[in-house]
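This report concerns only the one structure given below.
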Amino acid sequence: MTTVTERAAVRRLRHAPEDRPMIVIWEVTRACALVCLHCRADAQHRRNPHELTTEQGRTLLDDIAAWGAPYPIVVLTGGDPFERPDLAELVRHGSSIGLHMALSPSVTPRLTPEVLAELRAAGAGALSLSLDGNTAATHDAFRGVPGVFDATLRAAQDVRDAGFRLQINSTVTQANVHELPDLLRTVIDLGASLWSVFFLVPTGRGEMLRPLDPQQVEDVLHWLHDVSDLVAIKTTEAPHYRRVAIQRARASAEATAEGLPLVGAHPSDAPAVGELHQQLTDAVEGLRAQRHTAIRRPRPPIEVNSGRGFAFIDHLGDVYPSGFLPHQCGNVKETGFRDIYQTSPMLRSLREPAQFEGKCGVCEFRDVCGGSRSHAYAVTGNVLASDPTCVYEPTGQHER
């Protein structure tokens, strides 16, 4: 039985995930001027003539809105969504029918204060920018174009000036993991309301990069939890952050009950943190006092996963559990998105953690975590396999 403390550590969905998603990502185009090393889409310089038309896009948004309240969040991404001349029209239509519209553009000359003002007026409320390093050398190498780092810092101010909630996305790899403390400082200084940390999935161009090993992932997740009182944290393709949040809540409750200091309290049932965690911790010592940014209460992670409260629609209308899990579940040109989401055998199987194989299938955290299905598929070819990026050894509470 979960305690009140543990339930508060993770936010629950307000609706049944088999009924509707909380977040829908629509890749409105694959065209993009950048050539990012870790791009899951292998973006192209020109728009595909077969991508969803304006009218098909309006129909898709109408179908999503037909679920009614609570409406899913719709994120228009790419490629670069700013490559679509009808972007403001799509945002305006989605907003007018009740959808929460957000944008995830690339930083190119198309991202101007004038365009941002138009999209904000059309009804978009949040916008994310990517920073994959805290130096121009690191970030520009990721993006494949010089000058993007400096342009992103300028764009972040433009985004806030336009009235958007700013989210910063960062993909962590072996090459940039030690820049995370400096990135945290920059994220805070930019006034971001959310820092979304992506754990590299070796798919698309990302196959060329080196992901963290499982112990490094564990270290980073605990460090992110440590600093989650400075800025709201979200992890992508690391759902075991929710397991860490629950274990840390237990440790804090135990420390409080025994009159022990909360700082450094580590759960006895969690894997030990390693050298990387200590390095990251040492690098942010004194940050709270320097920035005066501590928030009253960390933002708990929410229990969404590939196909479970989350879905991805590509530029051609194909539906996937996520953008990092290339298992096509249907096409919205042929079948309504709501029908695909509710009836696809693949999506339904992802909502049944008892079907997962290996330690994910017997883990006591399987219902709230479920492991990264994308990492499992990328490494083993089996979407139901155990998440190879997690070092936790289950107690066997759900043993079959």
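Letters A, B, ... mark the chains of the structure tokens in the order given; residue numbers begin at 1 per chain; ligand numbers begin at 1, in order shown.
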
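Those residues of region 82-140 of chain A that DSSP, working from the backbone, places in strand (DSSP E or B) are His100, Met101, Ala102, Leu103, Ala126, Leu127, Ser128, Leu129 and Ser130 of chain A.
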
Val172 (chain A) environment, 8 Å, only C-alpha atoms, sequence neighbours closer than 2 positions dropped, as a PyMOL selection string: chain A and resi 132+170+174-177+197-200+211-212

List the spatial neighbours of Val304 (chain A) as number ranges by chain - criterion: any atom at most 8 Å away, only C-alpha atoms, same-chain residues fewer than 5 positions off excluded. A: 13, 22, 309-310

Generate the output file for the selected residues, N, CA and C atoms, as an mmCIF file, in the first residue's frame.
```cif
data_model
loop_
_atom_site.group_PDB
_atom_site.id
_atom_site.type_symbol
_atom_site.label_atom_id
_atom_site.label_comp_id
_atom_site.auth_asym_id
_atom_site.auth_seq_id
_atom_site.Cartn_x
_atom_site.Cartn_y
_atom_site.Cartn_z
ATOM 1 N N LEU A 13 -2.522 10.965 -13.352
ATOM 2 C CA LEU A 13 -3.335 11.475 -14.444
ATOM 3 C C LEU A 13 -4.749 11.741 -13.967
ATOM 4 N N MET A 22 -2.695 12.578 -22.204
ATOM 5 C CA MET A 22 -2.522 13.896 -21.600
ATOM 6 C C MET A 22 -1.754 14.807 -22.556
ATOM 7 N N GLY A 309 -0.966 7.781 -21.887
ATOM 8 C CA GLY A 309 -1.096 9.206 -21.609
ATOM 9 C C GLY A 309 -0.293 10.065 -22.553
ATOM 10 N N PHE A 310 0.372 9.436 -23.523
ATOM 11 C CA PHE A 310 1.270 10.146 -24.430
ATOM 12 C C PHE A 310 1.209 9.475 -25.792
#
```

Could you jot down the CA of Ile73 (chain A) to CA of Pro21 (chain A) separation for me, Å, one decimal place? 8.5 Å

Find the spatial neighbours of Ile64 (chain A), counting only C-alpha atoms, within a cut-off of 8 Å - ignore same-chain residues fewer than 6 positions away - and output them as a list in words.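 Non-adjacent residues within range: Tyr71, Pro72, Phe337 and Arg338 of chain A.
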
Quick check for you: according to DSSP on this backbone, which residues of region 157-400 of chain A are classed as alpha helix (DSSP H)? Reply as a ChimeraX atom specification. /A:157-161,180-189,214-226,240-257,275-283,287-291,337-343,345-349,358-362,373-380

Within 9 Å of Asp182 (chain A) using only C-alpha atoms, minus same-chain residues under 5 positions, as an mmCIF file with C-alpha atoms, in the first residue's frame:
```
data_model
loop_
_atom_site.group_PDB
_atom_site.id
_atom_site.type_symbol
_atom_site.label_atom_id
_atom_site.label_comp_id
_atom_site.auth_asym_id
_atom_site.auth_seq_id
_atom_site.Cartn_x
_atom_site.Cartn_y
_atom_site.Cartn_z
ATOM 1 C CA GLY A 133 25.415 22.380 -23.689
ATOM 2 C CA ASN A 134 26.405 25.461 -21.750
ATOM 3 C CA VAL A 187 18.138 27.543 -17.292
ATOM 4 C CA ALA A 283 29.435 21.682 -8.919
ATOM 5 C CA VAL A 284 26.209 23.342 -7.702
#
```

Kindly provide the residues of region 135-216 of chain A that approach region 374-393 of chain A to within 7 Å, each paired with its closest atom pair and their distance in Å to one decimal, based on only C-alpha atoms, listed by chain and increasing number, as a tab-separated table.
```
residue	atom	partner	partner_atom	distance
A:Val201	CA	A:His375	CA	5.9
A:Pro202	CA	A:Ala378	CA	6.4
A:Thr203	CA	A:Ala378	CA	6.8
A:Asp213	CA	A:Thr389	CA	6.7
A:Pro214	CA	A:Thr389	CA	4.5
A:Gln215	CA	A:Val391	CA	6.4
```

If you count only C-alpha atoms, which residues fall within 8 Å of Trp195 (chain A), apart from same-chain ones fewer than 3 positions away, as a list of chain:residue names? A:Gln167, A:Ile168, A:Asn169, A:Ser170, A:Val187, A:Ala192, A:Val231, A:Ala232, A:Ile233, A:Lys234

Pick from A:Gly358, A:Pro353, A:Pro301, A:Pro394, whichever lies nearest to Ala8 (chain A) using only C-alpha atoms: A:Pro301

CA of Ser372 (chain A) and CA of Pro326 (chain A), how far apart in Å? 13.4 Å

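Minimum atom-to-atom distance to Pro298 (chain A), evaluated using only C-alpha atoms, belongs to A:His225 out of A:Leu316, A:Thr29, A:Thr138, A:His225.
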
Calculated over only C-alpha atoms, which of the candidates A:Thr173, A:Thr54, A:Asn305, A:Asn48 has the smallest distance to Glu237 (chain A)?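 Ranked by minimum distance to Glu237 (chain A), first place goes to A:Asn305.
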
Which residues are near Thr108 (chain A)? Cut-off 10 Å, only C-alpha atoms, ignore same chain within fewer than 5 positions. Put them as a tab-separated table (two decimals) with N, CA and C atoms, in the first residue's frame.
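Once everything was written out, this is around-v7.tsv:
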```
chain	number	residue	atom	x	y	z
A	32	CYS	N	13.71	21.29	-41.57
A	32	CYS	CA	14.44	22.01	-40.54
A	32	CYS	C	15.78	22.46	-41.12
A	33	ALA	N	16.19	23.66	-40.75
A	33	ALA	CA	17.45	24.21	-41.26
A	33	ALA	C	18.66	23.68	-40.51
A	34	LEU	N	18.43	23.07	-39.34
A	34	LEU	CA	19.54	22.55	-38.55
A	34	LEU	C	19.84	21.10	-38.92
A	80	ASP	N	11.20	21.67	-37.79
A	80	ASP	CA	10.94	22.99	-37.25
A	80	ASP	C	9.54	23.41	-37.64
A	82	PHE	N	8.13	26.11	-37.44
A	82	PHE	CA	8.10	27.44	-38.04
A	82	PHE	C	8.32	27.39	-39.55
A	83	GLU	N	8.63	26.22	-40.09
A	83	GLU	CA	8.75	26.05	-41.54
A	83	GLU	C	7.36	26.00	-42.21
A	145	VAL	N	25.22	23.81	-36.65
A	145	VAL	CA	25.27	25.15	-37.24
A	145	VAL	C	25.91	26.10	-36.24
A	147	GLY	N	26.78	29.44	-34.14
A	147	GLY	CA	26.01	30.62	-33.74
A	147	GLY	C	24.67	30.32	-33.10
A	148	VAL	N	24.26	29.03	-33.07
A	148	VAL	CA	22.92	28.71	-32.55
A	148	VAL	C	22.86	28.89	-31.04
A	151	ALA	N	22.26	32.52	-30.36
A	151	ALA	CA	20.92	32.85	-30.86
A	151	ALA	C	19.84	32.31	-29.93
A	152	THR	N	20.09	31.16	-29.32
A	152	THR	CA	19.12	30.57	-28.41
A	152	THR	C	18.97	31.40	-27.15
A	155	ALA	N	16.90	34.24	-28.15
A	155	ALA	CA	15.53	33.82	-28.42
A	155	ALA	C	14.76	33.57	-27.12
```

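Pairwise distance (CA of Glu275 (chain A), CA of Val220 (chain A)) equals 10.6 Å.
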